[in-house]
$ cat start_17.cif   # mmCIF, C-alpha atoms
data_start
#
loop_
_atom_site.group_PDB
_atom_site.id
_atom_site.type_symbol
_atom_site.label_atom_id
_atom_site.label_comp_id
_atom_site.auth_asym_id
_atom_site.auth_seq_id
_atom_site.Cartn_x
_atom_site.Cartn_y
_atom_site.Cartn_z
ATOM 1 C CA MET A 1 20.092 8.742 17.051
ATOM 2 C CA ILE A 2 21.530 11.300 14.652
ATOM 3 C CA ASN A 3 19.435 9.811 11.874
ATOM 4 C CA LEU A 4 16.311 10.196 13.970
ATOM 5 C CA LEU A 5 17.096 13.812 14.789
ATOM 6 C CA PHE A 6 18.222 14.694 11.293
ATOM 7 C CA PRO A 7 16.326 12.321 9.030
ATOM 8 C CA LEU A 8 17.487 14.013 5.862
ATOM 9 C CA LEU A 9 21.062 12.920 6.450
ATOM 10 C CA THR A 10 21.661 10.268 3.869
ATOM 11 C CA LYS A 11 24.465 8.065 2.745
ATOM 12 C CA ASP A 12 25.256 6.356 -0.516
ATOM 13 C CA ILE A 13 23.233 3.202 -0.861
ATOM 14 C CA PRO A 14 23.915 0.761 -3.666
ATOM 15 C CA LYS A 15 20.948 0.946 -6.032
ATOM 16 C CA THR A 16 21.247 -2.777 -6.714
ATOM 17 C CA MET A 17 20.119 -3.750 -3.213
ATOM 18 C CA SER A 18 16.987 -5.888 -3.172
ATOM 19 C CA ASP A 19 13.849 -4.566 -1.464
ATOM 20 C CA GLU A 20 14.221 -7.120 1.310
ATOM 21 C CA GLU A 21 17.842 -6.070 1.964
ATOM 22 C CA ILE A 22 16.782 -2.410 2.099
ATOM 23 C CA VAL A 23 14.017 -3.220 4.607
ATOM 24 C CA ALA A 24 16.481 -5.151 6.793
ATOM 25 C CA GLU A 25 18.994 -2.269 6.708
ATOM 26 C CA TYR A 26 16.289 0.301 7.445
ATOM 27 C CA LEU A 27 15.106 -1.670 10.464
ATOM 28 C CA LYS A 28 18.670 -2.063 11.679
ATOM 29 C CA THR A 29 19.882 1.519 11.178
ATOM 30 C CA GLN A 30 16.657 3.582 11.000
ATOM 31 C CA ASN A 31 18.446 5.561 8.288
ATOM 32 C CA VAL A 32 15.760 7.337 6.331
ATOM 33 C CA ALA A 33 17.829 7.075 3.137
ATOM 34 C CA TYR A 34 16.759 3.425 2.913
ATOM 35 C CA PHE A 35 13.120 4.392 3.173
ATOM 36 C CA ASP A 36 13.775 7.074 0.565
ATOM 37 C CA LEU A 37 14.995 4.427 -1.857
ATOM 38 C CA LEU A 38 11.891 2.309 -1.318
ATOM 39 C CA TYR A 39 9.773 5.412 -1.877
ATOM 40 C CA LYS A 40 11.544 6.086 -5.185
ATOM 41 C CA ARG A 41 10.956 2.503 -6.297
ATOM 42 C CA TYR A 42 7.301 2.265 -5.393
ATOM 43 C CA SER A 43 5.686 5.718 -5.103
ATOM 44 C CA GLY A 44 4.788 5.922 -8.804
ATOM 45 C CA LYS A 45 3.291 2.449 -8.854
ATOM 46 C CA ILE A 46 1.322 2.994 -5.658
ATOM 47 C CA PHE A 47 0.029 6.340 -6.865
ATOM 48 C CA ALA A 48 -1.049 4.774 -10.175
ATOM 49 C CA LYS A 49 -3.100 2.211 -8.221
ATOM 50 C CA CYS A 50 -4.612 4.862 -5.926
ATOM 51 C CA ILE A 51 -5.635 7.153 -8.796
ATOM 52 C CA SER A 52 -6.931 4.208 -10.767
ATOM 53 C CA LEU A 53 -9.146 3.011 -7.904
ATOM 54 C CA LEU A 54 -10.086 6.287 -6.218
ATOM 55 C CA LYS A 55 -10.239 8.431 -9.373
ATOM 56 C CA PHE A 56 -9.590 11.820 -7.718
ATOM 57 C CA GLU A 57 -6.054 13.196 -7.475
ATOM 58 C CA GLY A 58 -6.460 14.768 -4.011
ATOM 59 C CA GLU A 59 -7.988 11.605 -2.618
ATOM 60 C CA ALA A 60 -5.194 9.521 -4.162
ATOM 61 C CA GLU A 61 -2.550 11.810 -2.598
ATOM 62 C CA ASP A 62 -4.110 11.477 0.865
ATOM 63 C CA ALA A 63 -4.385 7.722 0.444
ATOM 64 C CA MET A 64 -0.772 7.403 -0.673
ATOM 65 C CA GLN A 65 0.439 9.379 2.336
ATOM 66 C CA GLU A 66 -1.511 7.115 4.683
ATOM 67 C CA ILE A 67 -0.289 4.005 2.872
ATOM 68 C CA PHE A 68 3.371 5.030 3.177
ATOM 69 C CA MET A 69 2.922 5.827 6.855
ATOM 70 C CA LYS A 70 1.371 2.373 7.321
ATOM 71 C CA ILE A 71 4.305 0.805 5.474
ATOM 72 C CA LEU A 72 6.759 2.720 7.633
ATOM 73 C CA LEU A 73 5.063 1.896 10.922
ATOM 74 C CA ASN A 74 4.531 -1.774 10.054
ATOM 75 C CA MET A 75 7.863 -2.429 8.384
ATOM 76 C CA SER A 76 9.011 -4.569 11.310
ATOM 77 C CA LYS A 77 5.985 -6.830 10.727
ATOM 78 C CA PHE A 78 7.166 -7.667 7.208
ATOM 79 C CA SER A 79 8.153 -11.290 7.614
ATOM 80 C CA GLY A 80 9.750 -11.823 4.227
ATOM 81 C CA LYS A 81 7.456 -14.768 3.473
ATOM 82 C CA SER A 82 6.103 -12.928 0.447
ATOM 83 C CA ARG A 83 7.809 -10.485 -1.899
ATOM 84 C CA PHE A 84 8.067 -6.965 -0.483
ATOM 85 C CA SER A 85 6.182 -5.630 -3.525
ATOM 86 C CA THR A 86 3.279 -8.022 -2.830
ATOM 87 C CA TRP A 87 3.211 -6.903 0.791
ATOM 88 C CA ILE A 88 2.982 -3.190 -0.033
ATOM 89 C CA TYR A 89 0.510 -3.738 -2.872
ATOM 90 C CA SER A 90 -1.702 -5.665 -0.433
ATOM 91 C CA ILE A 91 -1.600 -2.692 1.956
ATOM 92 C CA THR A 92 -2.439 -0.377 -0.962
ATOM 93 C CA TYR A 93 -5.371 -2.423 -2.275
ATOM 94 C CA ASN A 94 -6.788 -3.042 1.197
ATOM 95 C CA TYR A 95 -6.586 0.659 2.036
ATOM 96 C CA CYS A 96 -8.237 1.778 -1.232
ATOM 97 C CA ILE A 97 -10.938 -0.915 -1.046
ATOM 98 C CA ASP A 98 -11.658 0.191 2.508
ATOM 99 C CA ILE A 99 -12.095 3.824 1.398
ATOM 100 C CA ILE A 100 -14.403 2.787 -1.453
ATOM 101 C CA ARG A 101 -16.436 0.563 0.888
ATOM 102 C CA ARG A 102 -16.779 3.375 3.409
ATOM 103 C CA LYS A 103 -17.884 5.827 0.760
ATOM 104 C CA LYS A 104 -20.101 3.154 -0.814
ATOM 105 C CA LYS A 105 -18.845 4.151 -4.209
ATOM 106 C CA ASP A 106 -19.084 0.602 -5.418
ATOM 107 C CA PRO A 107 -21.763 -1.585 -3.841
ATOM 108 C CA SER A 108 -20.226 -4.658 -5.488
ATOM 109 C CA LEU A 109 -17.409 -4.410 -2.942
ATOM 110 C CA LEU A 110 -19.902 -4.382 -0.092
ATOM 111 C CA VAL A 111 -21.376 -7.779 -0.809
ATOM 112 C CA ASP A 112 -19.618 -11.074 -1.021
ATOM 113 C CA ASN A 113 -19.448 -11.391 -4.765
ATOM 114 C CA PHE A 114 -16.950 -14.195 -4.645
ATOM 115 C CA ALA A 115 -19.633 -16.883 -4.697
ATOM 116 C CA THR A 116 -18.273 -19.972 -6.330
ATOM 117 C CA ASN A 117 -21.456 -21.032 -8.105
ATOM 118 C CA HIS A 118 -20.187 -22.188 -11.442
ATOM 119 C CA ASP A 119 -22.541 -20.206 -13.617
ATOM 120 C CA THR A 120 -21.827 -20.022 -17.303
ATOM 121 C CA VAL A 121 -18.979 -17.569 -17.742
ATOM 122 C CA ASP A 122 -17.009 -17.662 -20.969
ATOM 123 C CA ASP A 123 -13.314 -18.261 -20.555
ATOM 124 C CA VAL A 124 -11.601 -15.226 -22.098
ATOM 125 C CA ASP A 125 -8.057 -15.767 -23.256
ATOM 126 C CA ASP A 126 -5.347 -13.655 -21.585
ATOM 127 C CA SER A 127 -4.151 -12.488 -24.989
ATOM 128 C CA PHE A 128 -7.456 -10.632 -25.517
ATOM 129 C CA LEU A 129 -6.735 -8.395 -22.504
ATOM 130 C CA LEU A 130 -3.029 -8.064 -23.171
ATOM 131 C CA GLU A 131 -3.443 -6.995 -26.796
ATOM 132 C CA VAL A 132 -5.796 -4.082 -26.077
ATOM 133 C CA ASN A 133 -3.985 -0.782 -26.700
ATOM 134 C CA ILE A 134 -3.257 1.451 -23.722
ATOM 135 C CA SER A 135 -5.800 4.203 -24.396
ATOM 136 C CA ARG A 136 -8.601 1.653 -24.785
ATOM 137 C CA LEU A 137 -7.378 -0.286 -21.772
ATOM 138 C CA LYS A 138 -7.642 2.884 -19.679
ATOM 139 C CA VAL A 139 -11.232 3.449 -20.859
ATOM 140 C CA ILE A 140 -12.314 -0.141 -20.181
ATOM 141 C CA LEU A 141 -10.763 -0.139 -16.700
ATOM 142 C CA GLU A 142 -12.744 3.015 -15.924
ATOM 143 C CA GLU A 143 -15.965 1.329 -17.018
ATOM 144 C CA ILE A 144 -15.801 -2.051 -15.282
ATOM 145 C CA PRO A 145 -16.717 -2.429 -11.570
ATOM 146 C CA VAL A 146 -13.930 -1.615 -9.092
ATOM 147 C CA SER A 147 -13.811 -5.178 -7.798
ATOM 148 C CA ASP A 148 -13.149 -6.491 -11.331
ATOM 149 C CA LYS A 149 -10.603 -3.764 -11.999
ATOM 150 C CA THR A 150 -8.766 -4.513 -8.750
ATOM 151 C CA ILE A 151 -8.416 -8.198 -9.447
ATOM 152 C CA LEU A 152 -7.245 -7.614 -13.036
ATOM 153 C CA LEU A 153 -4.627 -5.092 -11.869
ATOM 154 C CA MET A 154 -3.373 -7.584 -9.269
ATOM 155 C CA LYS A 155 -3.023 -10.311 -11.874
ATOM 156 C CA TYR A 156 -1.719 -8.469 -14.942
ATOM 157 C CA GLN A 157 -0.038 -5.374 -13.484
ATOM 158 C CA ASP A 158 1.454 -6.719 -10.276
ATOM 159 C CA ASP A 159 2.009 -10.366 -11.292
ATOM 160 C CA MET A 160 0.404 -11.502 -8.038
ATOM 161 C CA SER A 161 -0.264 -15.229 -7.793
ATOM 162 C CA ILE A 162 -3.763 -16.627 -7.173
ATOM 163 C CA LYS A 163 -2.631 -17.490 -3.640
ATOM 164 C CA GLU A 164 -1.387 -13.920 -3.013
ATOM 165 C CA ILE A 165 -4.635 -12.400 -4.335
ATOM 166 C CA GLY A 166 -6.556 -14.831 -2.132
ATOM 167 C CA GLY A 167 -4.563 -13.539 0.814
ATOM 168 C CA VAL A 168 -5.650 -9.947 0.158
ATOM 169 C CA PHE A 169 -9.332 -10.813 -0.192
ATOM 170 C CA GLU A 170 -9.200 -13.629 2.380
ATOM 171 C CA LYS A 171 -10.788 -15.993 -0.139
ATOM 172 C CA SER A 172 -9.993 -19.476 -1.380
ATOM 173 C CA GLU A 173 -7.987 -20.011 -4.548
ATOM 174 C CA SER A 174 -11.021 -21.453 -6.368
ATOM 175 C CA ALA A 175 -13.096 -18.374 -5.478
ATOM 176 C CA ILE A 176 -10.325 -16.121 -6.829
ATOM 177 C CA LYS A 177 -10.033 -18.133 -10.051
ATOM 178 C CA MET A 178 -13.787 -17.765 -10.580
ATOM 179 C CA LYS A 179 -13.626 -14.044 -9.833
ATOM 180 C CA ILE A 180 -10.805 -13.549 -12.360
ATOM 181 C CA LYS A 181 -12.791 -15.466 -14.952
ATOM 182 C CA ARG A 182 -15.793 -13.212 -14.380
ATOM 183 C CA ALA A 183 -13.682 -10.050 -14.420
ATOM 184 C CA LYS A 184 -12.151 -11.051 -17.764
ATOM 185 C CA SER A 185 -15.581 -11.792 -19.177
ATOM 186 C CA LYS A 186 -16.859 -8.402 -17.953
ATOM 187 C CA PHE A 187 -13.817 -6.715 -19.497
ATOM 188 C CA ARG A 188 -14.568 -8.298 -22.881
ATOM 189 C CA SER A 189 -18.288 -7.486 -22.807
ATOM 190 C CA VAL A 190 -17.604 -3.819 -21.934
ATOM 191 C CA TYR A 191 -14.956 -3.688 -24.652
ATOM 192 C CA GLN A 192 -17.375 -5.086 -27.196
ATOM 193 C CA ASP A 193 -20.086 -2.625 -26.115
ATOM 194 C CA ILE A 194 -17.807 0.387 -26.501
ATOM 195 C CA TYR A 195 -15.783 -0.647 -29.527
ATOM 196 C CA LYS A 196 -18.374 -2.403 -31.627
ATOM 197 C CA ASP A 197 -16.361 -1.986 -34.827
ATOM 198 C CA MET B 1 13.118 -8.139 -15.336
ATOM 199 C CA PRO B 2 9.319 -8.670 -15.490
ATOM 200 C CA GLU B 3 7.751 -8.643 -18.935
ATOM 201 C CA MET B 4 6.249 -5.248 -19.887
ATOM 202 C CA ASN B 5 2.617 -5.703 -20.918
ATOM 203 C CA ASN B 6 -0.064 -3.094 -21.643
ATOM 204 C CA PHE B 7 -1.241 -3.050 -17.985
ATOM 205 C CA LYS B 8 2.303 -2.260 -16.810
ATOM 206 C CA GLN B 9 2.751 0.361 -19.531
ATOM 207 C CA LEU B 10 -0.446 2.048 -18.342
ATOM 208 C CA GLU B 11 0.885 2.033 -14.779
ATOM 209 C CA LYS B 12 4.168 3.567 -15.974
ATOM 210 C CA LEU B 13 2.333 6.297 -17.900
ATOM 211 C CA GLN B 14 0.159 7.116 -14.881
ATOM 212 C CA SER B 15 3.149 7.298 -12.536
ATOM 213 C CA GLU B 16 4.923 9.701 -14.944
ATOM 214 C CA GLU B 17 1.764 11.783 -15.377
ATOM 215 C CA PHE B 18 1.382 12.287 -11.623
ATOM 216 C CA LYS B 19 5.059 12.863 -10.753
ATOM 217 C CA ASN B 20 4.174 16.158 -8.996
ATOM 218 C CA SER B 21 1.729 14.393 -6.699
ATOM 219 C CA THR B 22 4.267 11.786 -5.616
ATOM 220 C CA ASP B 23 6.822 14.552 -4.903
ATOM 221 C CA LYS B 24 4.225 16.452 -2.855
ATOM 222 C CA VAL B 25 3.335 13.363 -0.814
ATOM 223 C CA LYS B 26 7.022 12.652 -0.264
ATOM 224 C CA LYS B 27 7.468 16.008 1.491
ATOM 225 C CA ASN B 28 4.559 15.221 3.826
ATOM 226 C CA VAL B 29 5.853 11.720 4.573
ATOM 227 C CA THR B 30 9.365 13.077 5.237
ATOM 228 C CA ASN B 31 7.933 15.662 7.639
ATOM 229 C CA SER B 32 5.973 12.957 9.446
ATOM 230 C CA ILE B 33 9.095 10.798 9.740
ATOM 231 C CA ALA B 34 10.968 13.774 11.225
ATOM 232 C CA SER B 35 8.158 14.371 13.754
ATOM 233 C CA PHE B 36 8.085 10.691 14.698
ATOM 234 C CA GLY B 37 11.867 10.745 15.144
ATOM 235 C CA LEU B 38 11.650 13.764 17.419
ATOM 236 C CA MET B 39 8.845 12.213 19.457
ATOM 237 C CA ALA B 40 10.807 8.973 19.759
ATOM 238 C CA ASN B 41 13.790 10.903 21.098
ATOM 239 C CA VAL B 42 11.682 12.802 23.596
ATOM 240 C CA VAL B 43 10.194 9.550 24.846
ATOM 241 C CA GLU B 44 13.621 7.886 24.913
ATOM 242 C CA LEU B 45 15.191 10.761 26.871
ATOM 243 C CA TYR B 46 12.432 11.597 29.324
ATOM 244 C CA PHE B 47 10.261 8.529 29.757
ATOM 245 C CA SER B 48 12.717 6.660 31.984
ATOM 246 C CA ARG B 49 13.195 9.819 34.066
ATOM 247 C CA MET B 50 9.429 10.289 34.373
ATOM 248 C CA PHE B 51 9.115 6.687 35.527
ATOM 249 C CA GLU B 52 11.768 7.255 38.225
ATOM 250 C CA VAL B 53 9.947 10.387 39.404
ATOM 251 C CA PHE B 54 6.686 8.444 39.556
ATOM 252 C CA VAL B 55 8.328 5.668 41.589
ATOM 253 C CA ASP B 56 9.869 8.262 43.950
ATOM 254 C CA LEU B 57 6.505 9.965 44.389
ATOM 255 C CA THR B 58 4.675 6.727 45.196
ATOM 256 C CA ASN B 59 7.419 5.752 47.665
ATOM 257 C CA THR B 60 7.137 9.129 49.384
ATOM 258 C CA THR B 61 3.361 8.789 49.636
ATOM 259 C CA SER B 62 3.555 5.275 51.090
ATOM 260 C CA SER B 63 6.255 6.270 53.621
ATOM 261 C CA LYS B 64 4.119 9.262 54.692
ATOM 262 C CA SER B 65 1.154 6.929 55.253
ATOM 263 C CA ASN B 66 3.379 4.586 57.257
ATOM 264 C CA ASP B 67 4.562 7.557 59.363
ATOM 265 C CA ASP B 68 0.931 8.557 59.987
ATOM 266 C CA ILE B 69 0.083 5.047 61.147
ATOM 267 C CA ASP B 70 3.148 5.021 63.447
ATOM 268 C CA LYS B 71 2.179 8.387 65.009
ATOM 269 C CA LYS B 72 -1.342 7.119 65.711
#
$ encode --input "start_17.cif" --output "structure tokens"
Amino acid sequence: MINLLFPLLTKDIPKTMSDEEIVAEYLKTQNVAYFDLLYKRYSGKIFAKCISLLKFEGEAEDAMQEIFMKILLNMSKFSGKSRFSTWIYSITYNYCIDIIRRKKKDPSLLVDNFATNHDTVDDVDDSFLLEVNISRLKVILEEIPVSDKTILLMKYQDDMSIKEIGGVFEKSESAIKMKIKRAKSKFRSVYQDIYKD
Amino acid sequence: MPEMNNFKQLEKLQSEEFKNSTDKVKKNVTNSIASFGLMANVVELYFSRMFEVFVDLTNTTSSKSNDDIDKK
């Protein structure tokens, strides 16, 4: 009750607590200090995803506020079946994809481009993507379609499994594998176009 | 500790670059939490009372109607 009336009242929380333990304590006590800790852990990462997908700072700020309110209001629905990070990244990606779809910024997200026709796509080795320096990586991610960027961020930035990515897009694992293959191929072709040397 | 690759380094750089934005959003989220807390308390304190009043009112109305029928 006091915590609800005076949400800024905090208490010392061990920083070593796992995300799942923090969520459980927050749900039990409603102490906003637990939410504060989750915010500290994830706000930077979530903002990086929002700015990367939405491009504009103001838009990313609005999106992040909405995403954290969604997290807060749906915290009790977190079942613990997946990692907490996967759960909040799914909320983040779904929210940003929804905004992009609504604004029709990227038509590739409007159509079902997860078709599993096994057209000839070169298999690009992971090391090619992981050895690109950061400034070039930033440029390439700006150039490739949002759907390709999203799936590459999920795989290489968030360490999401194929099954977890499939859960976000509501697609089969084989469709996701094909989509990753295409995204990697697109990444390499854009890289080669820009950095011909 | 997850391995730090170039994608994660880019994420780290972006989160440091936009530190002001995350602080700004935090203030808004904190304010919203405070408002929700206040609303929750208002509902908690007055909703049950409002329900009782509503029940009382409906009882009064139905007894009045019964009285009317009796008079007739």
$ resolve_selection --input "start_17.cif" --expression "the PyMOL selection byres ((chain A and resi 91) around 10)" --output "VMD selection string"
chain A and resid 46 67 to 68 70 to 71 85 to 90 92 to 97 168
$ interface_residues --input "start_17.cif" --of "chain A" --to "chain B" --cutoff "7 Å" --atoms "all atoms listed in the file" --output "list of chain:residue names"
A:Leu4, A:Leu5, A:Pro7, A:Ser43, A:Gly44, A:Lys45, A:Phe47, A:Ala48, A:Glu61, A:Gln65, A:Met69, A:Leu130, A:Asn133, A:Ile134, A:Tyr156, A:Gln157
$ atom_distance --input "start_17.cif" --atom1 "atom CA of A:Ala60" --atom2 "atom CA of A:Ile140"
20.0 Å
$ atom_distance --input "start_17.cif" --atom1 "atom CA of A:Gln30" --atom2 "atom CA of A:Ala63"
23.9 Å
$ closest_residue --input "start_17.cif" --among "A:Phe84, A:Val32, A:Asp159, A:Ala183" --to "A:Val121" --atoms "all atoms listed in the file"
A:Ala183
$ atom_distance --input "start_17.cif" --atom1 "atom CA of A:Lys179" --atom2 "atom CA of A:Lys149"
10.9 Å
$ axis_aligned_box --input "start_17.cif" --around "stretch 21-24 of chain B" --padding-each-side "3 Å" --output "JSON"
{"center_x": 4.3, "center_y": 14.1, "center_z": -4.8, "size_x": 11.1, "size_y": 10.7, "size_z": 9.8}
$ resolve_selection --input "start_17.cif" --expression "the PyMOL selection byres ((chain A and resi 23) around 9)" --output "JSON, numbers by chain"
{"A": [18, 19, 20, 21, 22, 24, 25, 26, 27, 28, 34, 35, 38, 75, 76, 78, 84]}
$ resolve_selection --input "start_17.cif" --expression "the PyMOL selection byres ((chain A and resi 177) around 12)" --output "MDAnalysis selection string"
chainID A and resid 114:118 121 123 151:152 155 161:166 171:176 178:184
